[in-house]
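Engineer: See data32.txt below, with compact mmCIF, N, CA and C atoms and all ligand atoms.
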# COMPACT_ATOMS: atom_id res chain seq x y z
N MET A 1 0.84 -1.20 0.00
CA MET A 1 0.00 0.00 0.00
C MET A 1 0.88 1.26 0.00
N SER A 2 0.59 2.20 -0.86
CA SER A 2 1.40 3.42 -0.89
C SER A 2 1.07 4.30 0.31
N ASP A 3 1.96 5.26 0.58
CA ASP A 3 1.73 6.18 1.70
C ASP A 3 0.38 6.88 1.53
N GLN A 4 0.12 7.31 0.30
CA GLN A 4 -1.11 8.05 0.06
C GLN A 4 -2.35 7.18 0.34
N GLU A 5 -2.28 5.93 -0.11
CA GLU A 5 -3.41 5.02 0.14
C GLU A 5 -3.60 4.79 1.63
N PHE A 6 -2.47 4.64 2.30
CA PHE A 6 -2.54 4.41 3.76
C PHE A 6 -3.17 5.61 4.45
N ILE A 7 -2.72 6.81 4.08
CA ILE A 7 -3.26 8.03 4.70
C ILE A 7 -4.75 8.18 4.40
N ASP A 8 -5.14 7.87 3.16
CA ASP A 8 -6.56 7.95 2.81
C ASP A 8 -7.39 7.02 3.68
N GLN A 9 -6.84 5.83 3.90
CA GLN A 9 -7.52 4.84 4.73
C GLN A 9 -7.65 5.34 6.17
N GLN A 10 -6.56 5.94 6.68
CA GLN A 10 -6.57 6.46 8.05
C GLN A 10 -7.56 7.62 8.17
N LYS A 11 -7.59 8.44 7.13
CA LYS A 11 -8.48 9.59 7.13
C LYS A 11 -9.94 9.14 7.21
N GLN A 12 -10.24 8.09 6.45
CA GLN A 12 -11.59 7.55 6.46
C GLN A 12 -11.97 7.04 7.86
N LYS A 13 -11.04 6.32 8.47
CA LYS A 13 -11.27 5.80 9.82
C LYS A 13 -11.51 6.93 10.80
N LEU A 14 -10.66 7.97 10.69
CA LEU A 14 -10.75 9.10 11.61
C LEU A 14 -12.08 9.84 11.44
N GLU A 15 -12.51 9.97 10.19
CA GLU A 15 -13.76 10.69 9.96
C GLU A 15 -14.96 9.91 10.50
N GLN A 16 -14.90 8.58 10.38
CA GLN A 16 -15.96 7.75 10.95
C GLN A 16 -15.96 7.85 12.47
N GLU A 17 -14.75 7.83 13.03
CA GLU A 17 -14.60 7.93 14.49
C GLU A 17 -15.15 9.27 14.98
N LYS A 18 -14.86 10.30 14.23
CA LYS A 18 -15.31 11.65 14.59
C LYS A 18 -16.84 11.71 14.66
N ILE A 19 -17.50 11.13 13.66
CA ILE A 19 -18.96 11.11 13.63
C ILE A 19 -19.51 10.34 14.84
N LYS A 20 -18.86 9.20 15.12
CA LYS A 20 -19.29 8.37 16.25
C LYS A 20 -19.15 9.14 17.57
N LEU A 21 -18.02 9.81 17.74
CA LEU A 21 -17.77 10.55 18.97
C LEU A 21 -18.75 11.71 19.11
N GLN A 22 -19.00 12.40 18.02
CA GLN A 22 -19.93 13.53 18.07
C GLN A 22 -21.33 13.04 18.41
N ASP A 23 -21.67 11.86 17.88
CA ASP A 23 -22.96 11.25 18.21
C ASP A 23 -23.07 10.94 19.69
N SER A 24 -22.02 10.29 20.23
CA SER A 24 -22.04 9.93 21.66
C SER A 24 -22.12 11.18 22.52
N LEU A 25 -21.35 12.19 22.14
CA LEU A 25 -21.34 13.41 22.93
C LEU A 25 -22.70 14.10 22.88
N SER A 26 -23.32 14.11 21.73
CA SER A 26 -24.59 14.82 21.62
C SER A 26 -25.71 14.09 22.34
N SER A 27 -25.48 12.80 22.68
CA SER A 27 -26.52 12.07 23.40
C SER A 27 -26.67 12.58 24.83
N PHE A 28 -25.62 13.15 25.38
CA PHE A 28 -25.76 13.70 26.73
C PHE A 28 -25.17 15.09 26.87
N ALA A 29 -24.77 15.68 25.79
CA ALA A 29 -24.18 17.02 25.88
C ALA A 29 -24.68 17.89 24.73
N GLN A 30 -24.60 19.17 24.96
CA GLN A 30 -24.95 20.11 23.91
C GLN A 30 -23.71 20.81 23.44
N LYS A 31 -23.61 21.01 22.16
CA LYS A 31 -22.46 21.73 21.66
C LYS A 31 -22.59 23.19 22.11
N ASP A 32 -21.53 23.71 22.69
CA ASP A 32 -21.53 25.10 23.11
C ASP A 32 -21.45 25.97 21.86
N PRO A 33 -22.50 26.78 21.60
CA PRO A 33 -22.51 27.56 20.35
C PRO A 33 -21.41 28.62 20.31
N ASN A 34 -20.88 28.99 21.48
CA ASN A 34 -19.88 30.06 21.50
C ASN A 34 -18.45 29.54 21.35
N LEU A 35 -18.26 28.27 21.70
CA LEU A 35 -16.91 27.74 21.73
C LEU A 35 -16.78 26.58 20.76
N LYS A 36 -15.96 26.74 19.74
CA LYS A 36 -15.78 25.69 18.76
C LYS A 36 -15.11 24.48 19.41
N GLY A 37 -15.70 23.32 19.19
CA GLY A 37 -15.09 22.10 19.70
C GLY A 37 -15.29 21.85 21.18
N ASP A 38 -16.08 22.68 21.83
CA ASP A 38 -16.30 22.46 23.26
C ASP A 38 -17.71 21.95 23.48
N TRP A 39 -17.82 21.06 24.45
CA TRP A 39 -19.13 20.47 24.74
C TRP A 39 -19.48 20.69 26.19
N ASP A 40 -20.74 21.01 26.41
CA ASP A 40 -21.22 21.16 27.78
C ASP A 40 -22.22 20.07 28.09
N THR A 41 -21.99 19.41 29.20
CA THR A 41 -23.00 18.45 29.64
C THR A 41 -24.24 19.23 30.05
N LYS A 42 -25.39 18.69 29.67
CA LYS A 42 -26.64 19.35 30.06
C LYS A 42 -26.73 19.36 31.57
N TYR A 43 -26.68 20.52 32.15
CA TYR A 43 -26.73 20.60 33.59
C TYR A 43 -28.18 20.48 34.04
N PRO A 44 -28.42 19.59 35.03
CA PRO A 44 -29.81 19.44 35.46
C PRO A 44 -30.35 20.74 36.02
N ASN A 45 -31.61 20.95 35.82
CA ASN A 45 -32.25 22.17 36.28
C ASN A 45 -32.41 22.11 37.79
N MET A 46 -31.39 22.60 38.49
CA MET A 46 -31.33 22.42 39.93
C MET A 46 -32.38 23.25 40.67
N GLY A 47 -33.37 22.55 41.15
CA GLY A 47 -34.32 23.16 42.06
C GLY A 47 -35.11 24.34 41.50
N ALA A 48 -35.11 24.48 40.21
CA ALA A 48 -35.88 25.57 39.64
C ALA A 48 -37.36 25.20 39.61
N GLY A 49 -38.20 26.20 39.73
CA GLY A 49 -39.63 25.96 39.59
C GLY A 49 -40.35 25.64 40.89
N ASP A 50 -41.48 24.98 40.75
CA ASP A 50 -42.37 24.78 41.89
C ASP A 50 -41.91 23.68 42.84
N SER A 51 -41.10 22.76 42.37
CA SER A 51 -40.76 21.58 43.17
C SER A 51 -40.13 21.97 44.50
N ARG A 52 -39.53 23.13 44.56
CA ARG A 52 -38.86 23.60 45.76
C ARG A 52 -39.82 23.65 46.95
N GLU A 53 -41.05 23.97 46.69
CA GLU A 53 -42.03 24.14 47.77
C GLU A 53 -42.39 22.83 48.45
N THR A 54 -42.10 21.69 47.83
CA THR A 54 -42.49 20.42 48.45
C THR A 54 -41.47 19.95 49.48
N GLY A 55 -40.42 20.71 49.72
CA GLY A 55 -39.53 20.44 50.84
C GLY A 55 -38.55 19.30 50.63
N ASP A 56 -38.47 18.41 51.62
CA ASP A 56 -37.46 17.35 51.65
C ASP A 56 -37.42 16.52 50.36
N GLU A 57 -38.58 16.20 49.86
CA GLU A 57 -38.65 15.36 48.67
C GLU A 57 -37.91 16.01 47.51
N ALA A 58 -38.13 17.29 47.34
CA ALA A 58 -37.48 18.02 46.25
C ALA A 58 -35.98 18.04 46.44
N LEU A 59 -35.55 18.19 47.69
CA LEU A 59 -34.11 18.23 47.98
C LEU A 59 -33.45 16.91 47.60
N GLU A 60 -34.15 15.82 47.87
CA GLU A 60 -33.62 14.52 47.54
C GLU A 60 -33.45 14.35 46.04
N ILE A 61 -34.45 14.80 45.30
CA ILE A 61 -34.38 14.71 43.84
C ILE A 61 -33.19 15.53 43.33
N GLU A 62 -33.01 16.69 43.93
CA GLU A 62 -31.89 17.54 43.51
C GLU A 62 -30.54 16.83 43.72
N ALA A 63 -30.43 16.16 44.86
CA ALA A 63 -29.19 15.46 45.16
C ALA A 63 -28.93 14.37 44.13
N ASP A 64 -29.96 13.62 43.76
CA ASP A 64 -29.83 12.58 42.75
C ASP A 64 -29.37 13.15 41.42
N GLU A 65 -29.95 14.28 41.08
CA GLU A 65 -29.62 14.88 39.79
C GLU A 65 -28.16 15.32 39.73
N SER A 66 -27.67 15.89 40.83
CA SER A 66 -26.29 16.37 40.78
C SER A 66 -25.31 15.19 40.80
N GLU A 67 -25.74 14.08 41.40
CA GLU A 67 -24.90 12.89 41.39
C GLU A 67 -24.74 12.34 39.97
N SER A 68 -25.84 12.27 39.25
CA SER A 68 -25.76 11.72 37.89
C SER A 68 -25.00 12.69 36.99
N TYR A 69 -25.06 13.95 37.29
CA TYR A 69 -24.29 14.92 36.52
C TYR A 69 -22.80 14.66 36.72
N ALA A 70 -22.39 14.46 37.98
CA ALA A 70 -20.99 14.20 38.27
C ALA A 70 -20.52 12.91 37.59
N ALA A 71 -21.41 11.93 37.51
CA ALA A 71 -21.03 10.64 36.92
C ALA A 71 -20.80 10.74 35.42
N THR A 72 -21.47 11.66 34.74
CA THR A 72 -21.28 11.76 33.29
C THR A 72 -20.01 12.53 32.94
N LEU A 73 -19.47 13.29 33.88
CA LEU A 73 -18.31 14.13 33.57
C LEU A 73 -17.08 13.38 33.06
N PRO A 74 -16.65 12.31 33.75
CA PRO A 74 -15.45 11.61 33.25
C PRO A 74 -15.66 11.03 31.86
N VAL A 75 -16.86 10.54 31.59
CA VAL A 75 -17.17 9.99 30.26
C VAL A 75 -17.09 11.09 29.22
N GLU A 76 -17.69 12.21 29.56
CA GLU A 76 -17.67 13.34 28.63
C GLU A 76 -16.24 13.77 28.36
N PHE A 77 -15.46 13.83 29.42
CA PHE A 77 -14.08 14.27 29.29
C PHE A 77 -13.30 13.34 28.37
N GLU A 78 -13.52 12.05 28.55
CA GLU A 78 -12.81 11.05 27.76
C GLU A 78 -13.18 11.17 26.27
N LEU A 79 -14.48 11.31 26.02
CA LEU A 79 -14.94 11.43 24.64
C LEU A 79 -14.41 12.71 24.01
N GLU A 80 -14.43 13.78 24.81
CA GLU A 80 -13.99 15.07 24.31
C GLU A 80 -12.50 15.02 23.95
N LEU A 81 -11.74 14.37 24.83
CA LEU A 81 -10.30 14.24 24.62
C LEU A 81 -10.03 13.46 23.33
N LYS A 82 -10.76 12.37 23.16
CA LYS A 82 -10.57 11.54 21.97
C LYS A 82 -10.95 12.33 20.72
N LEU A 83 -12.04 13.09 20.82
CA LEU A 83 -12.46 13.90 19.68
C LEU A 83 -11.39 14.92 19.32
N GLN A 84 -10.78 15.50 20.33
CA GLN A 84 -9.70 16.46 20.08
C GLN A 84 -8.54 15.79 19.35
N GLN A 85 -8.22 14.56 19.78
CA GLN A 85 -7.11 13.84 19.16
C GLN A 85 -7.44 13.49 17.70
N VAL A 86 -8.70 13.09 17.49
CA VAL A 86 -9.14 12.75 16.13
C VAL A 86 -9.06 14.00 15.24
N ASN A 87 -9.55 15.12 15.76
CA ASN A 87 -9.50 16.37 15.00
C ASN A 87 -8.07 16.79 14.70
N ARG A 88 -7.20 16.61 15.68
CA ARG A 88 -5.80 16.97 15.50
C ARG A 88 -5.16 16.10 14.42
N ALA A 89 -5.49 14.79 14.46
CA ALA A 89 -4.94 13.88 13.46
C ALA A 89 -5.43 14.26 12.06
N LEU A 90 -6.70 14.65 11.95
CA LEU A 90 -7.24 15.07 10.65
C LEU A 90 -6.54 16.34 10.16
N GLU A 91 -6.23 17.24 11.09
CA GLU A 91 -5.47 18.45 10.75
C GLU A 91 -4.08 18.08 10.23
N GLN A 92 -3.46 17.10 10.91
CA GLN A 92 -2.12 16.67 10.51
C GLN A 92 -2.14 16.06 9.11
N ILE A 93 -3.21 15.34 8.79
CA ILE A 93 -3.33 14.78 7.44
C ILE A 93 -3.36 15.93 6.44
N LYS A 94 -4.13 16.97 6.75
CA LYS A 94 -4.22 18.13 5.87
C LYS A 94 -2.86 18.80 5.68
N ASN A 95 -2.08 18.86 6.78
CA ASN A 95 -0.78 19.53 6.74
C ASN A 95 0.37 18.60 6.35
N ASN A 96 0.03 17.40 5.93
CA ASN A 96 1.05 16.40 5.58
C ASN A 96 2.02 16.09 6.71
N SER A 97 1.55 16.18 7.94
CA SER A 97 2.44 15.85 9.07
C SER A 97 1.87 14.68 9.86
N TYR A 98 0.98 13.93 9.24
CA TYR A 98 0.35 12.81 9.94
C TYR A 98 1.32 11.65 10.11
N GLY A 99 1.25 10.99 11.29
CA GLY A 99 2.04 9.78 11.50
C GLY A 99 3.45 10.04 11.99
N ILE A 100 3.71 11.28 12.40
CA ILE A 100 5.03 11.61 12.94
C ILE A 100 4.90 11.71 14.46
N CYS A 101 5.84 11.07 15.16
CA CYS A 101 5.81 11.10 16.62
C CYS A 101 6.07 12.52 17.11
N ASN A 102 5.22 12.95 18.03
CA ASN A 102 5.32 14.30 18.57
C ASN A 102 6.56 14.50 19.42
N VAL A 103 7.13 13.40 19.92
CA VAL A 103 8.28 13.51 20.82
C VAL A 103 9.60 13.34 20.07
N CYS A 104 9.77 12.20 19.38
CA CYS A 104 11.07 11.94 18.75
C CYS A 104 11.09 12.32 17.27
N LYS A 105 9.92 12.75 16.74
CA LYS A 105 9.79 13.23 15.35
C LYS A 105 10.08 12.14 14.31
N LYS A 106 10.08 10.88 14.76
CA LYS A 106 10.25 9.79 13.79
C LYS A 106 8.87 9.34 13.33
N GLU A 107 8.87 8.56 12.24
CA GLU A 107 7.60 8.04 11.75
C GLU A 107 7.05 6.99 12.70
N ILE A 108 5.76 7.09 12.97
CA ILE A 108 5.10 6.08 13.80
C ILE A 108 4.79 4.89 12.89
N PRO A 109 5.14 3.66 13.31
CA PRO A 109 4.88 2.50 12.44
C PRO A 109 3.40 2.38 12.06
N ARG A 110 3.17 1.93 10.82
CA ARG A 110 1.79 1.80 10.35
C ARG A 110 0.94 0.90 11.23
N GLU A 111 1.59 -0.16 11.75
CA GLU A 111 0.83 -1.12 12.57
C GLU A 111 0.19 -0.41 13.77
N ARG A 112 0.94 0.54 14.33
CA ARG A 112 0.42 1.28 15.48
C ARG A 112 -0.69 2.23 15.05
N LEU A 113 -0.48 2.90 13.92
CA LEU A 113 -1.49 3.84 13.43
C LEU A 113 -2.78 3.13 13.03
N GLU A 114 -2.63 1.89 12.57
CA GLU A 114 -3.83 1.15 12.19
C GLU A 114 -4.70 0.85 13.41
N VAL A 115 -4.04 0.61 14.55
CA VAL A 115 -4.79 0.30 15.77
C VAL A 115 -5.33 1.58 16.41
N ILE A 116 -4.49 2.63 16.45
CA ILE A 116 -4.90 3.91 17.05
C ILE A 116 -4.65 5.01 16.03
N PRO A 117 -5.59 5.22 15.11
CA PRO A 117 -5.35 6.19 14.03
C PRO A 117 -5.11 7.61 14.53
N GLU A 118 -5.60 7.95 15.74
CA GLU A 118 -5.49 9.33 16.20
C GLU A 118 -4.22 9.58 17.01
N THR A 119 -3.36 8.55 17.16
CA THR A 119 -2.19 8.74 18.01
C THR A 119 -1.17 9.67 17.36
N ASN A 120 -0.43 10.41 18.19
CA ASN A 120 0.66 11.22 17.64
C ASN A 120 1.95 10.99 18.43
N ILE A 121 2.02 9.77 18.98
CA ILE A 121 3.24 9.42 19.72
C ILE A 121 3.57 7.96 19.44
N CYS A 122 4.84 7.66 19.25
CA CYS A 122 5.21 6.28 18.97
C CYS A 122 5.24 5.49 20.28
N LEU A 123 5.27 4.17 20.12
CA LEU A 123 5.16 3.31 21.29
C LEU A 123 6.35 3.49 22.23
N GLU A 124 7.55 3.63 21.68
CA GLU A 124 8.74 3.78 22.52
C GLU A 124 8.63 5.03 23.39
N CYS A 125 8.21 6.14 22.77
CA CYS A 125 8.10 7.39 23.53
C CYS A 125 6.97 7.29 24.54
N LYS A 126 5.89 6.63 24.18
CA LYS A 126 4.77 6.50 25.11
C LYS A 126 5.19 5.73 26.35
N GLU A 127 5.98 4.66 26.12
CA GLU A 127 6.40 3.84 27.26
C GLU A 127 7.35 4.58 28.18
N LYS A 128 8.07 5.55 27.62
CA LYS A 128 9.01 6.33 28.43
C LYS A 128 8.30 7.38 29.28
N GLN A 129 7.06 7.69 28.93
CA GLN A 129 6.34 8.76 29.63
C GLN A 129 6.00 8.41 31.06
ZN ZN B 201 8.64 8.77 19.43
Is it possible to give me this structure as structure tokens?
Ligand SMILES: [Zn+2]

Structural biologist:
Amino acid sequence: MSDQEFIDQQKQKLEQEKIKLQDSLSSFAQKDPNLKGDWDTKYPNMGAGDSRETGDEALEIEADESESYAATLPVEFELELKLQQVNRALEQIKNNSYGICNVCKKEIPRERLEVIPETNICLECKEKQ
């Protein structure tokens, strides 16, 4: 396979991954219209409205809501991070700098890129981190 064919194949994978990640993120997050590439988890409507008047019961519901909000944060963060890496890799393809290790500046082996198309570090450098 030529370099160009390989890059095209990686680009296709990355674009599919990007769509998948954006789908997952949009299932529990809204794209922030002001910030490109940033996602906000839908924050539960804490205690707004009439429910406040019912006292203890409402307080309990509020506590549950903030707990589930906290639980989605690490997932959101992980997806967001991966999306950033995918976007960065797509940028690198555009700039013809795809597949170069960010640390040692050597070419990352194809076998590694095939498994993790969005990576920008070779295995040796990653293990040294
Ligand atoms: Zn390296």

Engineer: Residues within 6.5 Å of ligand ZN 201 (chain B) should be enumerated using all atoms listed in the file and returned as a list in words.

Structural biologist: Cys101, Asn102, Val103, Cys104, Lys105, Lys106, Ile121, Cys122, Leu123, Glu124, Cys125 and Lys126 of chain A

Engineer: What is the distance, in Å and to one decimal place, between CA of Glu15 (chain A) and CA of Glu107 (chain A)?

Structural biologist: 21.6 Å

Engineer: So how far away is CA of Lys11 (chain A) from CA of Leu90 (chain A), in Å?

Structural biologist: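 Distance reported for this atom pair: 6.6 Å.
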
Engineer: Just checking: using only C-alpha atoms, which residue out of A:Ile93, A:Ala71, A:Leu81, A:Leu21 ends up closest to Phe6 (chain A)?

Structural biologist: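 Answer, going by the shortest atom-to-atom distance: A:Ile93.
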
Engineer: How many Å lie between CA of Asp8 (chain A) and CA of Asn120 (chain A), rounded to one decimal?

Structural biologist: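 According to the coordinates, CA of Asp8 (chain A) and CA of Asn120 (chain A) are separated by 16.8 Å.
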
Engineer: Once DSSP has gone over the backbone, tell me which residues of region 88-121 of chain A are in alpha helix (DSSP H), as a list in words.

Structural biologist: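 Alpha helix (DSSP H) members of region 88-121 of chain A, listed: Arg88, Ala89, Leu90, Glu91, Gln92, Ile93, Lys94, Arg110, Glu111, Arg112, Leu113, Glu114 and Val115 of chain A.
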
Engineer: My list of candidates is A:Gln92, A:Arg112, A:Gln9, A:Leu79. Which is closest to Asp23 (chain A) when distances are computed with only C-alpha atoms?

Structural biologist: A:Leu79

Engineer: Would you kindly return, as a list in words, each protein, DNA or RNA residue with an atom no farther than 10 Å from any atom of Ile116 (chain A), considering only C-alpha atoms and excluding same-chain residues fewer than 2 positions away?

Structural biologist: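 Once the nearby chain positions are removed, what remains is Gln10, Lys13, Leu14, Val86, Arg110, Glu111, Arg112, Leu113, Glu114, Glu118, Thr119 and Asn120 of chain A.
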
Engineer: Choose the residue, out of A:Gly99, A:Pro117, A:Gln4, A:Leu73, that has the smallest atom-to-atom separation from Gln16 (chain A); count only C-alpha atoms.

Structural biologist: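 Among the listed residues, A:Pro117 lies closest to Gln16 (chain A).
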